[in-house]
2 protein chains.
Amino acid sequence: MADDLRPEQLQTYFALVEATALLHHAVEQHLRADGGLSYVQFQLLARLAGSAGQLTMTELADGVVYSRSGLTHQAGLLEKAGLVTRGPSPDDQRATLVTITDAGRALVEKVLPGHVEVVRSLLFDPLSEEDLPRLGDIMTRVRDHMRALPPRSVTTRKRRTATGDDRRSPS
Amino acid sequence: MADDLRPEQLQTYFALVEATALLHHAVEQHLRADGGLSYVQFQLLARLAGSAGQLTMTELADGVVYSRSGLTHQAGLLEKAGLVTRGPSPDDQRATLVTITDAGRALVEKVLPGHVEVVRSLLFDPLSEEDLPRLGDIMTRVRDHMRALPPRSVTTRKRRTATGDDRRSPS
DNA sequence: TATTGTTATACTCTATAACTATA
DNA sequence: TATAGTTATAGAGTATAACAATA
């Protein structure tokens with residue numbers, strides 16, 4: 001299992017993956033139970049609430065969802081729930097402007113305290129005052145590094161599914 | 001958006017979430033393209049390869065999957081792909097013993113170098129020699145903290161779906 | 001009675017491809 | 001021609017509940 005990374009690195013990688021998986025899971029649980037939202041949906045709403053209230057689909061997608069259709073789907077769900085509205089953009093006729101509604105803002109505000117509480121109790125509680133800037137600095141650097149590297153879609157090959165049905169039988 | 005966490009904490013949280021999301025996505029892309037495996041499937045195989053080659057379903061599930069049926073499903077896929085076998089345990093007649101096959105080991109070994117390369121280039125490249133032990137220490141502490149806290153299932157409420165169909169019409 | 005695991009089922013998320021329309 | 005967005009569709013992942021068998 002220690003192929004090429006030093007044991008130190010491997011251990012760090014595993015700890016990071018497991019910790020963030022647990023955090024993500026806990027946060028999703030809370031958002032679902034407390035607001036009926038998935039994490040992606042929460043991110044979209046939070047982004048809208050933070051950015052003057054309305055964004056175009058492309059702006060909204062950036063960094064949150066990895067495919068156009070995925071965002072269309074999520075935006076549709078949010079719209080159906082009355083949390084956002086969609087309308088044409090005055091600047092660019094091709095663009096769709098997504099606007100957060102009062103209900104959307106209210107939901108974000110309702111959910112936020114609990115969300116923050118989960119994050120604090122799980123992530124920040126075990127950290128010292130020194131850890132915080134270190135972790136922040138490190139992860140910011142890693143994030144910026146990753147943002148810079150791949151042009152957002154990494155080849156998207158044909159998807160051989162080792163575990164998928166081989167479908168050698170005719171039907 | 002700065003509800004209760006200090007701006008420093010919020011920024012750290014966001015950086016962590018985005019960086020790990022990007023890392024996770026990149027790793028999944030690679031595993032899928034190079035081995036036809038999801039990340040969960042890879043984790044299961046790697047775990048088996050590391051742990052003497054065979055584990056019971058419950059042991060295997062620990063920390064990887066969050067529901068029994070989910071693991072049964074994944075194990076079924078891996079078995080169908082010839083990467084593991086399942087059989088009764090001699091110790092406990094209720095238990096199912098999952099064993100990695102030669103093909104399973106081979107696949108792990110085939111995929112591992114690329115996996116490691118992705119992790120190195122995305123996560124460790126931008127880190128200094130000092131960052132590594134700091135990150136490792138911090139995330140280990142966070143992980144252990146999280147492992148200790150919740151008994152693995154956090155209430156699992158009724159799941160009100162704000163974005164789901166309200167289904168007020170009698171159907 | 002508690003635990004291990006499977007089955008059936010349903011739902012959510014995500015992605016690909018084809019398409020429309022504007023720039 | 002390139003970009004913005006939608007639609008249709010399909011596939012993968014995960015969870016709940018009901019169940020069978022063993023401890």
# chains A, B, ... in the order shown; residues from 1 in each chain; ligands from 1
>>> residues_around(residues="segment 2-4 of chain C", least_positions_apart="4", cutoff="9 Å", atoms="only C-alpha atoms (C1' of nucleotides)", output="list in words")
Met57, Thr58, Gln93, Arg94, Ala95 and Thr96 of chain B; DA21, DT22 and DA23 of chain D
>>> interface_residues(of="chain B", to="chain D", cutoff="12 Å", atoms="only C-alpha atoms (C1' of nucleotides)", output="ChimeraX atom specification")
/B:32,37-41,65-74,77,88-89,91-96,156-159
>>> write_last_selection(atoms="N, CA, C and O atoms", output="tab-separated table (two decimals), in the first residue's frame")
chain	number	residue	atom	x	y	z
B	32	ARG	N	-11.72	5.56	-12.21
B	32	ARG	CA	-12.73	5.11	-13.17
B	32	ARG	C	-12.10	4.85	-14.53
B	32	ARG	O	-12.35	3.83	-15.17
B	37	LEU	N	-13.12	1.55	-11.52
B	37	LEU	CA	-13.53	1.45	-10.13
B	37	LEU	C	-14.03	2.79	-9.59
B	37	LEU	O	-13.50	3.83	-9.94
B	38	SER	N	-15.04	2.72	-8.74
B	38	SER	CA	-15.39	3.90	-7.97
B	38	SER	C	-14.44	4.00	-6.79
B	38	SER	O	-13.70	3.05	-6.49
B	39	TYR	N	-14.47	5.12	-6.13
B	39	TYR	CA	-13.56	5.30	-5.01
B	39	TYR	C	-13.87	4.32	-3.88
B	39	TYR	O	-12.97	3.75	-3.27
B	40	VAL	N	-15.14	4.13	-3.64
B	40	VAL	CA	-15.54	3.18	-2.61
B	40	VAL	C	-15.03	1.79	-2.93
B	40	VAL	O	-14.48	1.09	-2.07
B	41	GLN	N	-15.20	1.39	-4.18
B	41	GLN	CA	-14.73	0.06	-4.58
B	41	GLN	C	-13.23	-0.07	-4.41
B	41	GLN	O	-12.72	-1.10	-3.95
B	65	VAL	N	-18.39	2.56	4.03
B	65	VAL	CA	-19.76	2.69	3.54
B	65	VAL	C	-20.67	2.90	4.75
B	65	VAL	O	-20.36	2.47	5.85
B	66	TYR	N	-21.78	3.54	4.53
B	66	TYR	CA	-22.59	3.92	5.68
B	66	TYR	C	-23.86	3.10	5.84
B	66	TYR	O	-24.66	3.38	6.69
B	67	SER	N	-24.08	2.12	4.99
B	67	SER	CA	-25.24	1.26	5.19
B	67	SER	C	-24.89	-0.17	4.80
B	67	SER	O	-24.05	-0.40	3.93
B	68	ARG	N	-25.53	-1.10	5.46
B	68	ARG	CA	-25.27	-2.50	5.17
B	68	ARG	C	-25.60	-2.84	3.72
B	68	ARG	O	-24.81	-3.46	3.01
B	69	SER	N	-26.74	-2.41	3.30
B	69	SER	CA	-27.17	-2.78	1.95
B	69	SER	C	-26.23	-2.19	0.90
B	69	SER	O	-26.01	-2.79	-0.14
B	70	GLY	N	-25.70	-1.02	1.21
B	70	GLY	CA	-24.75	-0.42	0.30
B	70	GLY	C	-23.52	-1.29	0.11
B	70	GLY	O	-23.04	-1.48	-1.00
B	71	LEU	N	-23.05	-1.83	1.19
B	71	LEU	CA	-21.88	-2.70	1.10
B	71	LEU	C	-22.22	-3.99	0.37
B	71	LEU	O	-21.44	-4.45	-0.48
B	72	THR	N	-23.37	-4.56	0.68
B	72	THR	CA	-23.78	-5.77	-0.03
B	72	THR	C	-23.80	-5.52	-1.54
B	72	THR	O	-23.32	-6.34	-2.33
B	73	HIS	N	-24.32	-4.36	-1.89
B	73	HIS	CA	-24.38	-4.00	-3.31
B	73	HIS	C	-22.97	-3.92	-3.91
B	73	HIS	O	-22.70	-4.52	-4.95
B	74	GLN	N	-22.10	-3.19	-3.25
B	74	GLN	CA	-20.74	-3.02	-3.77
B	74	GLN	C	-19.99	-4.35	-3.81
B	74	GLN	O	-19.27	-4.65	-4.77
B	77	LEU	N	-21.03	-6.26	-6.78
B	77	LEU	CA	-20.41	-5.77	-8.02
B	77	LEU	C	-18.97	-6.28	-8.12
B	77	LEU	O	-18.55	-6.74	-9.19
B	88	PRO	N	-18.88	-18.39	3.42
B	88	PRO	CA	-19.24	-18.41	4.84
B	88	PRO	C	-17.99	-18.36	5.71
B	88	PRO	O	-16.93	-18.82	5.32
B	89	SER	N	-18.14	-17.78	6.88
B	89	SER	CA	-17.03	-17.73	7.82
B	89	SER	C	-17.05	-18.97	8.71
B	89	SER	O	-18.11	-19.40	9.14
B	91	ASP	N	-15.77	-19.12	11.69
B	91	ASP	CA	-15.92	-18.70	13.08
B	91	ASP	C	-17.37	-18.39	13.44
B	91	ASP	O	-17.87	-18.79	14.47
B	92	ASP	N	-18.00	-17.65	12.56
B	92	ASP	CA	-19.35	-17.19	12.84
B	92	ASP	C	-20.23	-17.50	11.64
B	92	ASP	O	-20.03	-16.94	10.56
B	93	GLN	N	-21.18	-18.39	11.84
B	93	GLN	CA	-21.98	-18.85	10.71
B	93	GLN	C	-22.83	-17.75	10.08
B	93	GLN	O	-23.30	-17.87	8.96
B	94	ARG	N	-23.02	-16.67	10.83
B	94	ARG	CA	-23.81	-15.58	10.25
B	94	ARG	C	-22.97	-14.75	9.30
B	94	ARG	O	-23.47	-14.12	8.36
B	95	ALA	N	-21.70	-14.71	9.54
B	95	ALA	CA	-20.83	-13.78	8.83
B	95	ALA	C	-20.48	-14.25	7.42
B	95	ALA	O	-20.44	-15.45	7.14
B	96	THR	N	-20.25	-13.30	6.55
B	96	THR	CA	-19.75	-13.58	5.21
B	96	THR	C	-18.30	-13.12	5.13
B	96	THR	O	-18.00	-12.00	5.51
B	156	THR	N	-30.78	10.05	11.92
B	156	THR	CA	-31.50	9.61	10.73
B	156	THR	C	-32.99	9.98	10.79
B	156	THR	O	-33.86	9.13	10.89
B	157	ARG	N	-33.23	11.26	10.73
B	157	ARG	CA	-34.62	11.69	10.85
B	157	ARG	C	-35.46	11.34	9.64
B	157	ARG	O	-35.02	10.65	8.74
B	158	LYS	N	-36.64	11.92	9.62
B	158	LYS	CA	-37.61	11.45	8.64
B	158	LYS	C	-37.36	11.93	7.22
B	158	LYS	O	-38.02	11.53	6.28
B	159	ARG	N	-36.40	12.81	7.07
B	159	ARG	CA	-36.06	13.29	5.73
B	159	ARG	C	-37.17	14.10	5.06
B	159	ARG	O	-37.86	13.64	4.16
>>> select_by_dssp(residues="chain B", states="strand (DSSP E or B)", output="PyMOL selection string")
chain B and resi 54-56+84-88+96-100
>>> residues_around(residues="Met139 of chain B", least_positions_apart="4", cutoff="10 Å", atoms="only C-alpha atoms (C1' of nucleotides)", output="PyMOL selection string")
(chain A and resi 11-20+123+126-127+135) or (chain B and resi 133-135+143-145)
>>> closest_atom_pairs(of="chain C", to="chain B", cutoff="12 Å", atoms="only C-alpha atoms (C1' of nucleotides)", output="JSON lines")
{"residue": "C:DT3", "atom": "C1'", "partner": "B:Arg94", "partner_atom": "CA", "distance": 8.4}
{"residue": "C:DT4", "atom": "C1'", "partner": "B:Arg94", "partner_atom": "CA", "distance": 5.2}
{"residue": "C:DG5", "atom": "C1'", "partner": "B:Ala95", "partner_atom": "CA", "distance": 7.1}
{"residue": "C:DT6", "atom": "C1'", "partner": "B:Thr72", "partner_atom": "CA", "distance": 7.3}
{"residue": "C:DT7", "atom": "C1'", "partner": "B:Ser69", "partner_atom": "CA", "distance": 8.9}
{"residue": "C:DA8", "atom": "C1'", "partner": "B:Ser69", "partner_atom": "CA", "distance": 10.9}
{"residue": "C:DT9", "atom": "C1'", "partner": "B:Ser69", "partner_atom": "CA", "distance": 11.9}
{"residue": "C:DC11", "atom": "C1'", "partner": "B:Gly164", "partner_atom": "CA", "distance": 10.0}
{"residue": "C:DT12", "atom": "C1'", "partner": "B:Gly164", "partner_atom": "CA", "distance": 9.8}
>>> atom_distance(atom1="atom CA of Leu112 of chain B", atom2="atom CA of Phe42 of chain B")
9.4 Å
>>> atom_distance(atom1="atom CA of Leu60 of chain A", atom2="atom CA of His30 of chain B")
25.9 Å
>>> select_by_dssp(residues="segment 14-148 of chain B", states="helix (DSSP H, G or I)", output="MDAnalysis selection string")
chainID B and resid 14:35 39:50 57:61 68:80 102:124 131:148
>>> atom_distance(atom1="atom CA of Ala148 of chain A", atom2="atom CA of His25 of chain B")
14.9 Å
>>> closest_residue(among="B:Thr85, B:Gln54, B:Thr163, B:Ser128", to="Leu107 of chain A", atoms="only C-alpha atoms")
B:Thr163
>>> decode(residues="segment 102-114 of chain A", atoms="all heavy atoms", output="tab-separated table (two decimals), in the first residue's frame")
chain	number	residue	atom	x	y	z
A	102	ASP	N	-37.06	35.27	-1.22
A	102	ASP	CA	-37.07	35.51	0.22
A	102	ASP	C	-37.09	34.18	0.97
A	102	ASP	O	-36.41	34.01	1.99
A	102	ASP	CB	-38.29	36.34	0.63
A	102	ASP	CG	-38.16	37.78	0.14
A	102	ASP	OD1	-37.03	38.17	-0.24
A	102	ASP	OD2	-39.17	38.51	0.13
A	103	ALA	N	-37.87	33.25	0.44
A	103	ALA	CA	-37.91	31.93	1.06
A	103	ALA	C	-36.54	31.27	1.03
A	103	ALA	O	-36.13	30.59	1.98
A	103	ALA	CB	-38.93	31.06	0.35
A	104	GLY	N	-35.84	31.49	-0.07
A	104	GLY	CA	-34.50	30.93	-0.19
A	104	GLY	C	-33.56	31.51	0.85
A	104	GLY	O	-32.82	30.79	1.54
A	105	ARG	N	-33.60	32.83	0.97
A	105	ARG	CA	-32.77	33.48	1.99
A	105	ARG	C	-33.15	33.01	3.39
A	105	ARG	O	-32.29	32.76	4.23
A	105	ARG	CB	-32.93	35.01	1.92
A	105	ARG	CG	-32.27	35.66	0.73
A	105	ARG	CD	-32.25	37.17	0.90
A	105	ARG	NE	-31.89	37.85	-0.33
A	105	ARG	CZ	-30.63	38.06	-0.72
A	105	ARG	NH1	-29.64	37.61	0.03
A	105	ARG	NH2	-30.37	38.68	-1.84
A	106	ALA	N	-34.43	32.91	3.60
A	106	ALA	CA	-34.89	32.48	4.93
A	106	ALA	C	-34.39	31.08	5.25
A	106	ALA	O	-33.97	30.80	6.37
A	106	ALA	CB	-36.42	32.52	4.98
A	107	LEU	N	-34.42	30.22	4.24
A	107	LEU	CA	-33.98	28.85	4.49
A	107	LEU	C	-32.48	28.80	4.80
A	107	LEU	O	-32.05	28.09	5.71
A	107	LEU	CB	-34.29	27.97	3.28
A	107	LEU	CG	-33.95	26.49	3.45
A	107	LEU	CD1	-34.61	25.91	4.68
A	107	LEU	CD2	-34.34	25.69	2.21
A	108	VAL	N	-31.72	29.57	4.06
A	108	VAL	CA	-30.28	29.63	4.33
A	108	VAL	C	-30.04	30.11	5.76
A	108	VAL	O	-29.25	29.52	6.51
A	108	VAL	CB	-29.56	30.56	3.34
A	108	VAL	CG1	-28.11	30.78	3.78
A	108	VAL	CG2	-29.59	29.98	1.95
A	109	GLU	N	-30.75	31.14	6.12
A	109	GLU	CA	-30.56	31.68	7.47
A	109	GLU	C	-31.02	30.70	8.55
A	109	GLU	O	-30.48	30.67	9.65
A	109	GLU	CB	-31.29	33.01	7.62
A	109	GLU	CG	-30.48	34.17	7.06
A	109	GLU	CD	-31.34	35.40	6.84
A	109	GLU	OE1	-32.28	35.61	7.63
A	109	GLU	OE2	-31.09	36.15	5.86
A	110	LYS	N	-32.04	29.94	8.19
A	110	LYS	CA	-32.52	28.97	9.16
A	110	LYS	C	-31.51	27.84	9.38
A	110	LYS	O	-31.32	27.35	10.50
A	110	LYS	CB	-33.84	28.37	8.65
A	110	LYS	CG	-34.40	27.27	9.54
A	110	LYS	CD	-35.48	26.47	8.84
A	110	LYS	CE	-35.78	25.18	9.60
A	110	LYS	NZ	-36.54	24.22	8.77
A	111	VAL	N	-30.90	27.45	8.28
A	111	VAL	CA	-30.04	26.27	8.32
A	111	VAL	C	-28.62	26.60	8.77
A	111	VAL	O	-27.92	25.76	9.34
A	111	VAL	CB	-30.03	25.64	6.91
A	111	VAL	CG1	-28.84	24.73	6.72
A	111	VAL	CG2	-31.33	24.89	6.67
A	112	LEU	N	-28.22	27.83	8.53
A	112	LEU	CA	-26.82	28.20	8.73
A	112	LEU	C	-26.31	27.97	10.16
A	112	LEU	O	-25.21	27.42	10.33
A	112	LEU	CB	-26.62	29.66	8.32
A	112	LEU	CG	-25.20	30.08	7.96
A	112	LEU	CD1	-24.55	29.06	7.05
A	112	LEU	CD2	-25.21	31.44	7.31
A	113	PRO	N	-27.05	28.38	11.18
A	113	PRO	CA	-26.51	28.19	12.53
A	113	PRO	C	-26.17	26.73	12.84
A	113	PRO	O	-25.10	26.44	13.36
A	113	PRO	CB	-27.66	28.68	13.43
A	113	PRO	CG	-28.42	29.63	12.58
A	113	PRO	CD	-28.33	29.09	11.18
A	114	GLY	N	-27.08	25.86	12.47
A	114	GLY	CA	-26.82	24.45	12.72
A	114	GLY	C	-25.64	23.94	11.90
A	114	GLY	O	-24.81	23.16	12.38
